[in-house]
file work_16.txt (compact mmCIF, C-alpha atoms)
# COMPACT_ATOMS: atom_id res chain seq x y z
CA MET X 1 39.47 1.10 -20.60
CA PHE X 2 37.95 2.14 -17.27
CA GLN X 3 35.41 4.93 -17.28
CA LEU X 4 33.34 5.86 -14.23
CA HIS X 5 29.68 4.98 -14.76
CA PRO X 6 27.69 8.19 -15.40
CA GLN X 7 25.21 7.43 -12.60
CA LEU X 8 28.04 7.13 -10.07
CA ALA X 9 29.55 10.34 -11.42
CA ALA X 10 26.20 12.12 -11.08
CA ASP X 11 25.61 11.01 -7.47
CA THR X 12 29.07 11.74 -6.05
CA VAL X 13 32.08 14.01 -5.84
CA PRO X 14 35.63 12.68 -6.21
CA VAL X 15 37.71 12.53 -3.03
CA ALA X 16 40.84 10.50 -3.83
CA THR X 17 42.47 8.12 -6.29
CA TRP X 18 44.01 5.08 -4.61
CA ALA X 19 46.01 2.15 -6.00
CA LEU X 20 42.86 0.34 -7.08
CA CYS X 21 39.85 2.54 -6.48
CA GLU X 22 38.44 5.91 -7.22
CA VAL X 23 37.11 7.13 -3.86
CA LEU X 24 33.88 9.08 -4.12
CA LEU X 25 31.59 10.80 -1.61
CA ILE X 26 27.85 10.34 -2.15
CA ASN X 27 26.05 13.67 -2.17
CA ASP X 28 23.78 12.76 0.74
CA ALA X 29 24.31 14.53 4.04
CA ASN X 30 22.18 11.92 5.85
CA TYR X 31 25.27 9.69 6.22
CA PRO X 32 29.02 9.91 5.66
CA TRP X 33 28.84 7.61 2.62
CA LEU X 34 31.83 6.66 0.49
CA VAL X 35 31.83 4.61 -2.70
CA LEU X 36 35.01 2.85 -3.84
CA VAL X 37 35.10 2.07 -7.56
CA PRO X 38 37.88 -0.24 -8.75
CA ALA X 39 39.40 1.45 -11.82
CA ARG X 40 39.22 -1.70 -13.91
CA ALA X 41 37.05 -2.07 -16.99
CA GLY X 42 34.27 -4.64 -17.12
CA MET X 43 34.07 -5.60 -13.44
CA ARG X 44 30.65 -6.41 -11.97
CA ASP X 45 31.15 -8.59 -8.88
CA LEU X 46 33.89 -8.59 -6.24
CA ASP X 47 34.98 -12.03 -7.36
CA ASP X 48 35.59 -10.71 -10.90
CA LEU X 49 38.67 -8.85 -9.60
CA ALA X 50 42.09 -10.44 -10.07
CA PRO X 51 43.53 -11.79 -6.78
CA GLU X 52 46.01 -8.93 -6.38
CA ASP X 53 43.19 -6.43 -6.93
CA GLN X 54 41.06 -8.23 -4.36
CA ALA X 55 43.84 -7.72 -1.83
CA ARG X 56 43.96 -4.05 -2.80
CA ALA X 57 40.18 -3.77 -2.45
CA THR X 58 40.38 -5.26 1.05
CA ALA X 59 43.11 -2.80 2.05
CA GLU X 60 41.16 0.13 0.61
CA ILE X 61 37.89 -0.88 2.32
CA ASN X 62 39.93 -0.94 5.55
CA ARG X 63 41.42 2.44 4.91
CA ALA X 64 38.03 3.98 4.16
CA SER X 65 36.46 2.30 7.21
CA LYS X 66 39.19 3.43 9.57
CA ALA X 67 39.04 7.00 8.30
CA LEU X 68 35.26 7.11 8.80
CA LYS X 69 35.67 5.68 12.31
CA ALA X 70 38.37 8.19 13.20
CA LEU X 71 36.37 11.14 11.88
CA PHE X 72 32.81 10.33 12.87
CA ALA X 73 32.88 7.63 15.60
CA PRO X 74 29.94 5.81 13.99
CA ASP X 75 27.97 3.03 15.67
CA LYS X 76 28.57 0.73 12.70
CA ILE X 77 30.28 0.58 9.34
CA ASN X 78 28.22 -0.87 6.48
CA VAL X 79 30.19 -2.35 3.58
CA ALA X 80 28.34 -3.56 0.50
CA ALA X 81 28.84 -4.40 -3.16
CA LEU X 82 25.30 -4.64 -4.55
CA GLY X 83 25.18 -3.21 -8.08
CA ASN X 84 21.70 -4.31 -9.05
CA MET X 85 20.99 -0.92 -10.61
CA VAL X 86 24.46 0.34 -11.59
CA PRO X 87 26.29 -2.64 -13.09
CA GLN X 88 29.83 -1.24 -12.65
CA LEU X 89 31.47 -2.79 -9.58
CA HIS X 90 31.35 -0.31 -6.71
CA ILE X 91 31.71 -0.80 -2.98
CA HIS X 92 29.72 1.24 -0.48
CA VAL X 93 31.45 2.10 2.83
CA ILE X 94 28.99 3.95 5.02
CA ALA X 95 29.22 5.34 8.56
CA ARG X 96 25.98 4.49 10.35
CA PHE X 97 24.53 5.93 13.53
CA ALA X 98 21.71 4.81 15.80
CA HIS X 99 20.23 8.27 15.21
CA ASP X 100 20.53 8.34 11.40
CA PRO X 101 17.30 8.50 9.39
CA ALA X 102 17.45 4.92 8.08
CA TRP X 103 18.73 3.09 11.20
CA PRO X 104 18.63 0.12 11.65
CA GLN X 105 17.60 -0.48 8.04
CA PRO X 106 20.07 -0.35 5.16
CA VAL X 107 20.35 3.10 3.59
CA TRP X 108 19.24 2.22 0.06
CA GLY X 109 15.77 3.50 -0.62
CA ALA X 110 15.16 4.40 3.03
CA VAL X 111 14.80 8.17 2.79
CA PRO X 112 15.43 10.67 -0.02
CA ALA X 113 18.99 11.94 -0.34
CA SER X 114 19.70 15.21 1.42
CA PRO X 115 22.27 17.03 -0.74
CA TYR X 116 25.11 18.86 1.01
CA ALA X 117 25.24 22.63 0.92
CA PRO X 118 28.21 23.67 -1.25
CA GLY X 119 30.39 24.73 1.68
CA GLU X 120 29.50 21.60 3.67
CA MET X 121 30.49 19.38 0.77
CA ASP X 122 33.88 21.06 0.35
CA ALA X 123 34.52 20.86 4.10
CA ARG X 124 33.62 17.17 4.24
CA VAL X 125 35.87 16.32 1.29
CA ALA X 126 38.72 18.20 2.98
CA VAL X 127 38.41 16.36 6.30
CA LEU X 128 38.12 13.03 4.48
CA ARG X 129 41.33 13.71 2.55
CA ASP X 130 43.14 14.57 5.78
CA ALA X 131 41.82 11.44 7.49
CA PHE X 132 42.88 9.23 4.56
CA GLU X 133 46.42 10.53 4.87
CA ALA X 134 46.42 9.41 8.51
CA ALA X 135 44.56 6.08 8.04
CA MET Y 1 35.31 -17.56 22.67
CA PHE Y 2 33.25 -17.49 19.46
CA GLN Y 3 29.59 -18.38 19.69
CA LEU Y 4 27.17 -17.92 16.82
CA HIS Y 5 24.67 -15.13 17.56
CA PRO Y 6 21.28 -16.68 18.40
CA GLN Y 7 19.47 -14.59 15.77
CA LEU Y 8 21.80 -15.90 13.05
CA ALA Y 9 21.35 -19.44 14.36
CA ALA Y 10 17.56 -19.01 14.29
CA ASP Y 11 17.44 -17.70 10.71
CA THR Y 12 19.79 -20.21 9.07
CA VAL Y 13 20.98 -23.77 8.70
CA PRO Y 14 24.68 -24.68 8.79
CA VAL Y 15 26.27 -25.66 5.48
CA ALA Y 16 30.03 -25.76 6.02
CA THR Y 17 32.88 -24.75 8.31
CA TRP Y 18 35.75 -23.07 6.47
CA ALA Y 19 39.14 -21.81 7.65
CA LEU Y 20 37.64 -18.55 8.92
CA CYS Y 21 33.89 -18.67 8.56
CA GLU Y 22 30.86 -20.68 9.49
CA VAL Y 23 28.86 -20.87 6.24
CA LEU Y 24 25.11 -20.66 6.76
CA LEU Y 25 22.09 -20.74 4.44
CA ILE Y 26 19.31 -18.28 5.23
CA ASN Y 27 15.96 -20.03 5.43
CA ASP Y 28 14.40 -17.94 2.66
CA ALA Y 29 13.61 -19.62 -0.64
CA ASN Y 30 13.21 -16.22 -2.35
CA TYR Y 31 16.96 -16.11 -2.97
CA PRO Y 32 19.98 -18.41 -2.65
CA TRP Y 33 21.34 -16.48 0.34
CA LEU Y 34 24.48 -17.43 2.25
CA VAL Y 35 25.84 -15.82 5.37
CA LEU Y 36 29.52 -16.15 6.28
CA VAL Y 37 30.30 -15.64 9.96
CA PRO Y 38 33.98 -15.32 10.91
CA ALA Y 39 34.48 -17.63 13.90
CA ARG Y 40 36.25 -14.97 15.94
CA ALA Y 41 34.86 -13.51 19.13
CA GLY Y 42 34.02 -9.81 19.42
CA MET Y 43 34.17 -8.83 15.73
CA ARG Y 44 31.70 -6.21 14.48
CA ASP Y 45 33.13 -4.63 11.31
CA LEU Y 46 35.21 -6.12 8.50
CA ASP Y 47 38.13 -3.90 9.47
CA ASP Y 48 38.12 -5.42 12.98
CA LEU Y 49 39.53 -8.66 11.52
CA ALA Y 50 43.26 -9.28 11.72
CA PRO Y 51 45.00 -8.90 8.32
CA GLU Y 52 45.39 -12.66 7.80
CA ASP Y 53 41.70 -13.14 8.60
CA GLN Y 54 40.78 -10.40 6.14
CA ALA Y 55 42.61 -12.33 3.45
CA ARG Y 56 40.71 -15.46 4.48
CA ALA Y 57 37.42 -13.56 4.40
CA THR Y 58 38.17 -12.36 0.86
CA ALA Y 59 38.98 -15.90 -0.27
CA GLU Y 60 35.83 -17.27 1.35
CA ILE Y 61 33.58 -14.55 -0.15
CA ASN Y 62 35.07 -15.58 -3.50
CA ARG Y 63 34.45 -19.24 -2.90
CA ALA Y 64 30.84 -18.61 -1.89
CA SER Y 65 30.28 -16.27 -4.87
CA LYS Y 66 31.73 -18.70 -7.38
CA ALA Y 67 29.69 -21.60 -6.03
CA LEU Y 68 26.48 -19.54 -6.27
CA LYS Y 69 27.39 -18.52 -9.83
CA ALA Y 70 28.14 -22.09 -10.85
CA LEU Y 71 24.92 -23.44 -9.34
CA PHE Y 72 22.37 -20.74 -10.10
CA ALA Y 73 23.77 -18.50 -12.89
CA PRO Y 74 22.47 -15.36 -11.12
CA ASP Y 75 22.29 -11.91 -12.72
CA LYS Y 76 24.29 -10.42 -9.83
CA ILE Y 77 26.00 -11.34 -6.61
CA ASN Y 78 25.32 -9.04 -3.65
CA VAL Y 79 27.98 -8.99 -0.92
CA ALA Y 80 27.34 -7.02 2.25
CA ALA Y 81 28.47 -6.68 5.84
CA LEU Y 82 25.80 -4.51 7.48
CA GLY Y 83 25.11 -5.71 11.02
CA ASN Y 84 22.95 -2.84 12.21
CA MET Y 85 20.57 -5.28 13.89
CA VAL Y 86 22.77 -8.31 14.66
CA PRO Y 87 26.05 -6.90 15.97
CA GLN Y 88 28.16 -10.04 15.33
CA LEU Y 89 30.18 -9.62 12.11
CA HIS Y 90 28.49 -11.55 9.31
CA ILE Y 91 28.81 -11.26 5.56
CA HIS Y 92 25.85 -11.77 3.24
CA VAL Y 93 26.56 -13.39 -0.14
CA ILE Y 94 23.35 -13.48 -2.14
CA ALA Y 95 22.52 -14.69 -5.66
CA ARG Y 96 20.21 -12.12 -7.25
CA PHE Y 97 17.98 -12.43 -10.29
CA ALA Y 98 16.14 -9.88 -12.38
CA HIS Y 99 13.01 -11.93 -11.62
CA ASP Y 100 13.47 -12.23 -7.84
CA PRO Y 101 10.84 -10.59 -5.62
CA ALA Y 102 13.07 -7.74 -4.40
CA TRP Y 103 14.93 -6.89 -7.64
CA PRO Y 104 16.51 -4.37 -8.13
CA GLN Y 105 16.23 -3.36 -4.48
CA PRO Y 106 18.40 -4.92 -1.76
CA VAL Y 107 16.81 -7.97 -0.15
CA TRP Y 108 16.65 -6.67 3.43
CA GLY Y 109 13.08 -5.80 4.37
CA ALA Y 110 11.84 -6.12 0.81
CA VAL Y 111 9.43 -9.05 1.13
CA PRO Y 112 8.74 -11.52 3.96
CA ALA Y 113 10.98 -14.58 4.06
CA SER Y 114 9.60 -17.66 2.32
CA PRO Y 115 10.85 -20.64 4.34
CA TYR Y 116 12.05 -23.70 2.44
CA ALA Y 117 10.03 -26.90 2.60
CA PRO Y 118 12.04 -29.47 4.58
CA GLY Y 119 13.03 -31.51 1.52
CA GLU Y 120 13.95 -28.39 -0.46
CA MET Y 121 16.19 -27.17 2.34
CA ASP Y 122 18.07 -30.47 2.55
CA ALA Y 123 18.46 -30.58 -1.24
CA ARG Y 124 19.79 -27.04 -1.39
CA VAL Y 125 22.30 -27.65 1.37
CA ALA Y 126 23.49 -30.78 -0.47
CA VAL Y 127 24.04 -29.02 -3.80
CA LEU Y 128 25.81 -26.15 -2.03
CA ARG Y 129 28.19 -28.55 -0.30
CA ASP Y 130 28.99 -30.20 -3.64
CA ALA Y 131 29.54 -26.84 -5.33
CA PHE Y 132 31.85 -25.68 -2.50
CA GLU Y 133 34.02 -28.74 -3.04
CA ALA Y 134 34.41 -27.73 -6.69
CA ALA Y 135 34.78 -23.94 -6.15

call {"tool": "encode", "arguments": {"input": "work_16.txt", "output": "structure tokens"}}
result
Amino acid sequence: MFQLHPQLAADTVPVATWALCEVLLINDANYPWLVLVPARAGMRDLDDLAPEDQARATAEINRASKALKALFAPDKINVAALGNMVPQLHIHVIARFAHDPAWPQPVWGAVPASPYAPGEMDARVAVLRDAFEAA
Amino acid sequence: MFQLHPQLAADTVPVATWALCEVLLINDANYPWLVLVPARAGMRDLDDLAPEDQARATAEINRASKALKALFAPDKINVAALGNMVPQLHIHVIARFAHDPAWPQPVWGAVPASPYAPGEMDARVAVLRDAFEAA
């Protein structure tokens, strides 16, 4: 049975539940940073997913990417399934900007996370939910 | 018209041409590290690909991942489309090991590349081509 890894739960807030993935927002105001976690037990790599779930993952990465583009007009979208530290399959979808604190490096380990203020977090989750409805 | 970005050409050797992607091996013996480049002009992000090409990309990421698993039995596969420095859409598929020099960090910027010796490079390309036929 699928259970969200406690490290992912600790680092994020829930935004939406899609056909395959739990959609989470990383609590780091440095970047609009989503994590998509396929709600399937025992998955580690993208190629572990069943073919129909791979198609769902592709569609959901698209939906997340297009929502981030519509909301934030980023310079680049970064998509990555790494999982060297947290073994549960999770897919980062991150809006990147030429002026963000890690650019042009990847975000992992670049600078310490900058947690959202409570009101900022709620506002960001709200605009993301609206954008997902339109994406 | 599609032309491989010169930075990608400089950092890699060609391994195979698939339905969507040019499959390249990064010249870094620290990790078995493939790069898949969709042979479509003007693509930057995964969600820029047409739906049928997204399905091809998914299938080709699978094929690359399964070949790396069969050949090297890695601890983890890392898949990423970043492209902050090289704007042409390219997808990293990397076999990671708990004993590799960047573990558990991502590979980008972790340690300097360790170029293959000429014979090693040819041998690795040969075993990859064989594994792709079987994957």

call {"tool": "closest_residue", "arguments": {"input": "work_16.txt", "among": "X:Gly42, X:Gly109, X:Pro6, X:Pro14", "to": "chain Y", "atoms": "only C-alpha atoms"}}
result
X:Gly109

call {"tool": "axis_aligned_box", "arguments": {"input": "work_16.txt", "around": "segment 89-106 of chain Y", "padding_each_side": "6 Å", "output": "lines of an AutoDock Vina configuration file"}}
result
center_x = 20.5
center_y = -9.0
center_z = -0.1
size_x = 31.3
size_y = 23.3
size_z = 36.5

call {"tool": "atom_distance", "arguments": {"input": "work_16.txt", "atom1": "atom CA of Ile94 of chain X", "atom2": "atom CA of Pro74 of chain X"}}
result
9.2 Å

call {"tool": "interface_residues", "arguments": {"input": "work_16.txt", "of": "chain X", "to": "chain Y", "cutoff": "10 Å", "atoms": "all atoms listed in the file", "output": "PyMOL selection string"}}
result
chain X and resi 44-49+51+54-55+57-59+61-66+75-87+91-94+96-98+103-109

call {"tool": "closest_residue", "arguments": {"input": "work_16.txt", "among": "Y:Met1, Y:Ala41, Y:Ala70, Y:Leu34", "to": "Ala134 of chain Y", "atoms": "all atoms listed in the file"}}
result
Y:Ala70

call {"tool": "closest_residue", "arguments": {"input": "work_16.txt", "among": "Y:Ala73, Y:Ala67, Y:Ala50, Y:Leu89", "to": "Leu4 of chain Y", "atoms": "only C-alpha atoms"}}
result
Y:Leu89

call {"tool": "atom_distance", "arguments": {"input": "work_16.txt", "atom1": "atom CA of Ala102 of chain Y", "atom2": "atom CA of Tyr116 of chain Y"}}
result
17.4 Å

call {"tool": "atom_distance", "arguments": {"input": "work_16.txt", "atom1": "atom CA of Val23 of chain X", "atom2": "atom CA of Val35 of chain X"}}
result
6.0 Å

call {"tool": "closest_residue", "arguments": {"input": "work_16.txt", "among": "X:Ala39, X:Val127, X:Ala135, X:Met121", "to": "Thr12 of chain X", "atoms": "all atoms listed in the file"}}
result
X:Met121

call {"tool": "closest_residue", "arguments": {"input": "work_16.txt", "among": "X:Val15, X:Leu71, X:Met43, X:Val37", "to": "Asp122 of chain X", "atoms": "only C-alpha atoms"}}
result
X:Val15

call {"tool": "closest_residue", "arguments": {"input": "work_16.txt", "among": "X:Arg124, X:His99, X:His90, X:Arg40", "to": "Leu20 of chain X", "atoms": "all atoms listed in the file"}}
result
X:Arg40

call {"tool": "build_atoms", "arguments": {"input": "work_16.txt", "residues": "segment 58-69 of chain X", "atoms": "all heavy atoms", "output": "PDB file, in the coordinates of the input"}}
result
ATOM      1  N   THR X  58      40.472  -5.038  -0.393  1.00  0.00           N
ATOM      2  CA  THR X  58      40.380  -5.260   1.050  1.00  0.00           C
ATOM      3  C   THR X  58      41.106  -4.164   1.814  1.00  0.00           C
ATOM      4  O   THR X  58      40.583  -3.596   2.780  1.00  0.00           O
ATOM      5  CB  THR X  58      40.955  -6.640   1.407  1.00  0.00           C
ATOM      6  OG1 THR X  58      40.214  -7.634   0.688  1.00  0.00           O
ATOM      7  CG2 THR X  58      40.876  -6.924   2.890  1.00  0.00           C
ATOM      8  N   ALA X  59      42.320  -3.839   1.372  1.00  0.00           N
ATOM      9  CA  ALA X  59      43.110  -2.800   2.050  1.00  0.00           C
ATOM     10  C   ALA X  59      42.410  -1.445   1.944  1.00  0.00           C
ATOM     11  O   ALA X  59      42.434  -0.651   2.894  1.00  0.00           O
ATOM     12  CB  ALA X  59      44.506  -2.729   1.426  1.00  0.00           C
ATOM     13  N   GLU X  60      41.787  -1.180   0.807  1.00  0.00           N
ATOM     14  CA  GLU X  60      41.160   0.130   0.610  1.00  0.00           C
ATOM     15  C   GLU X  60      39.822   0.230   1.361  1.00  0.00           C
ATOM     16  O   GLU X  60      39.465   1.302   1.863  1.00  0.00           O
ATOM     17  CB  GLU X  60      41.060   0.434  -0.885  1.00  0.00           C
ATOM     18  CG  GLU X  60      42.469   0.562  -1.480  1.00  0.00           C
ATOM     19  CD  GLU X  60      42.547   0.913  -2.965  1.00  0.00           C
ATOM     20  OE1 GLU X  60      41.513   1.156  -3.619  1.00  0.00           O
ATOM     21  OE2 GLU X  60      43.699   0.935  -3.476  1.00  0.00           O
ATOM     22  N   ILE X  61      39.096  -0.860   1.476  1.00  0.00           N
ATOM     23  CA  ILE X  61      37.890  -0.880   2.320  1.00  0.00           C
ATOM     24  C   ILE X  61      38.292  -0.590   3.773  1.00  0.00           C
ATOM     25  O   ILE X  61      37.641   0.188   4.477  1.00  0.00           O
ATOM     26  CB  ILE X  61      37.159  -2.230   2.209  1.00  0.00           C
ATOM     27  CG1 ILE X  61      36.545  -2.391   0.816  1.00  0.00           C
ATOM     28  CG2 ILE X  61      36.084  -2.365   3.289  1.00  0.00           C
ATOM     29  CD1 ILE X  61      36.094  -3.820   0.498  1.00  0.00           C
ATOM     30  N   ASN X  62      39.392  -1.211   4.204  1.00  0.00           N
ATOM     31  CA  ASN X  62      39.930  -0.940   5.550  1.00  0.00           C
ATOM     32  C   ASN X  62      40.249   0.524   5.759  1.00  0.00           C
ATOM     33  O   ASN X  62      39.924   1.114   6.789  1.00  0.00           O
ATOM     34  CB  ASN X  62      41.266  -1.660   5.708  1.00  0.00           C
ATOM     35  CG  ASN X  62      41.119  -2.986   6.364  1.00  0.00           C
ATOM     36  OD1 ASN X  62      40.023  -3.373   6.752  1.00  0.00           O
ATOM     37  ND2 ASN X  62      42.220  -3.685   6.471  1.00  0.00           N
ATOM     38  N   ARG X  63      40.973   1.057   4.779  1.00  0.00           N
ATOM     39  CA  ARG X  63      41.420   2.440   4.910  1.00  0.00           C
ATOM     40  C   ARG X  63      40.227   3.384   4.973  1.00  0.00           C
ATOM     41  O   ARG X  63      40.194   4.313   5.801  1.00  0.00           O
ATOM     42  CB  ARG X  63      42.318   2.782   3.709  1.00  0.00           C
ATOM     43  CG  ARG X  63      43.039   4.102   3.821  1.00  0.00           C
ATOM     44  CD  ARG X  63      43.923   4.333   2.594  1.00  0.00           C
ATOM     45  NE  ARG X  63      44.589   5.619   2.638  1.00  0.00           N
ATOM     46  CZ  ARG X  63      45.263   6.137   1.618  1.00  0.00           C
ATOM     47  NH1 ARG X  63      45.376   5.474   0.478  1.00  0.00           N
ATOM     48  NH2 ARG X  63      45.833   7.322   1.730  1.00  0.00           N
ATOM     49  N   ALA X  64      39.238   3.146   4.143  1.00  0.00           N
ATOM     50  CA  ALA X  64      38.030   3.980   4.160  1.00  0.00           C
ATOM     51  C   ALA X  64      37.288   3.815   5.492  1.00  0.00           C
ATOM     52  O   ALA X  64      36.839   4.797   6.099  1.00  0.00           O
ATOM     53  CB  ALA X  64      37.126   3.601   2.988  1.00  0.00           C
ATOM     54  N   SER X  65      37.180   2.570   5.957  1.00  0.00           N
ATOM     55  CA  SER X  65      36.460   2.300   7.210  1.00  0.00           C
ATOM     56  C   SER X  65      37.145   2.985   8.388  1.00  0.00           C
ATOM     57  O   SER X  65      36.495   3.603   9.246  1.00  0.00           O
ATOM     58  CB  SER X  65      36.394   0.795   7.482  1.00  0.00           C
ATOM     59  OG  SER X  65      35.744   0.103   6.440  1.00  0.00           O
ATOM     60  N   LYS X  66      38.455   2.877   8.435  1.00  0.00           N
ATOM     61  CA  LYS X  66      39.190   3.430   9.570  1.00  0.00           C
ATOM     62  C   LYS X  66      39.145   4.961   9.560  1.00  0.00           C
ATOM     63  O   LYS X  66      39.058   5.595  10.627  1.00  0.00           O
ATOM     64  CB  LYS X  66      40.620   2.882   9.597  1.00  0.00           C
ATOM     65  CG  LYS X  66      40.626   1.402  10.017  1.00  0.00           C
ATOM     66  CD  LYS X  66      42.008   0.813  10.186  1.00  0.00           C
ATOM     67  CE  LYS X  66      41.956  -0.712  10.415  1.00  0.00           C
ATOM     68  NZ  LYS X  66      41.111  -1.138  11.550  1.00  0.00           N
ATOM     69  N   ALA X  67      39.165   5.537   8.381  1.00  0.00           N
ATOM     70  CA  ALA X  67      39.040   7.000   8.300  1.00  0.00           C
ATOM     71  C   ALA X  67      37.654   7.443   8.780  1.00  0.00           C
ATOM     72  O   ALA X  67      37.536   8.417   9.541  1.00  0.00           O
ATOM     73  CB  ALA X  67      39.295   7.471   6.872  1.00  0.00           C
ATOM     74  N   LEU X  68      36.608   6.746   8.353  1.00  0.00           N
ATOM     75  CA  LEU X  68      35.260   7.110   8.800  1.00  0.00           C
ATOM     76  C   LEU X  68      35.130   6.943  10.314  1.00  0.00           C
ATOM     77  O   LEU X  68      34.512   7.773  10.995  1.00  0.00           O
ATOM     78  CB  LEU X  68      34.201   6.247   8.089  1.00  0.00           C
ATOM     79  CG  LEU X  68      34.004   6.516   6.599  1.00  0.00           C
ATOM     80  CD1 LEU X  68      32.970   5.548   6.018  1.00  0.00           C
ATOM     81  CD2 LEU X  68      33.571   7.955   6.319  1.00  0.00           C
ATOM     82  N   LYS X  69      35.722   5.880  10.856  1.00  0.00           N
ATOM     83  CA  LYS X  69      35.670   5.680  12.310  1.00  0.00           C
ATOM     84  C   LYS X  69      36.409   6.791  13.048  1.00  0.00           C
ATOM     85  O   LYS X  69      35.932   7.304  14.068  1.00  0.00           O
ATOM     86  CB  LYS X  69      36.267   4.315  12.674  1.00  0.00           C
ATOM     87  CG  LYS X  69      35.365   3.136  12.325  1.00  0.00           C
ATOM     88  CD  LYS X  69      36.014   1.804  12.736  1.00  0.00           C
ATOM     89  CE  LYS X  69      35.046   0.647  12.547  1.00  0.00           C
ATOM     90  NZ  LYS X  69      35.609  -0.658  12.969  1.00  0.00           N
TER      91      LYS X  69
END
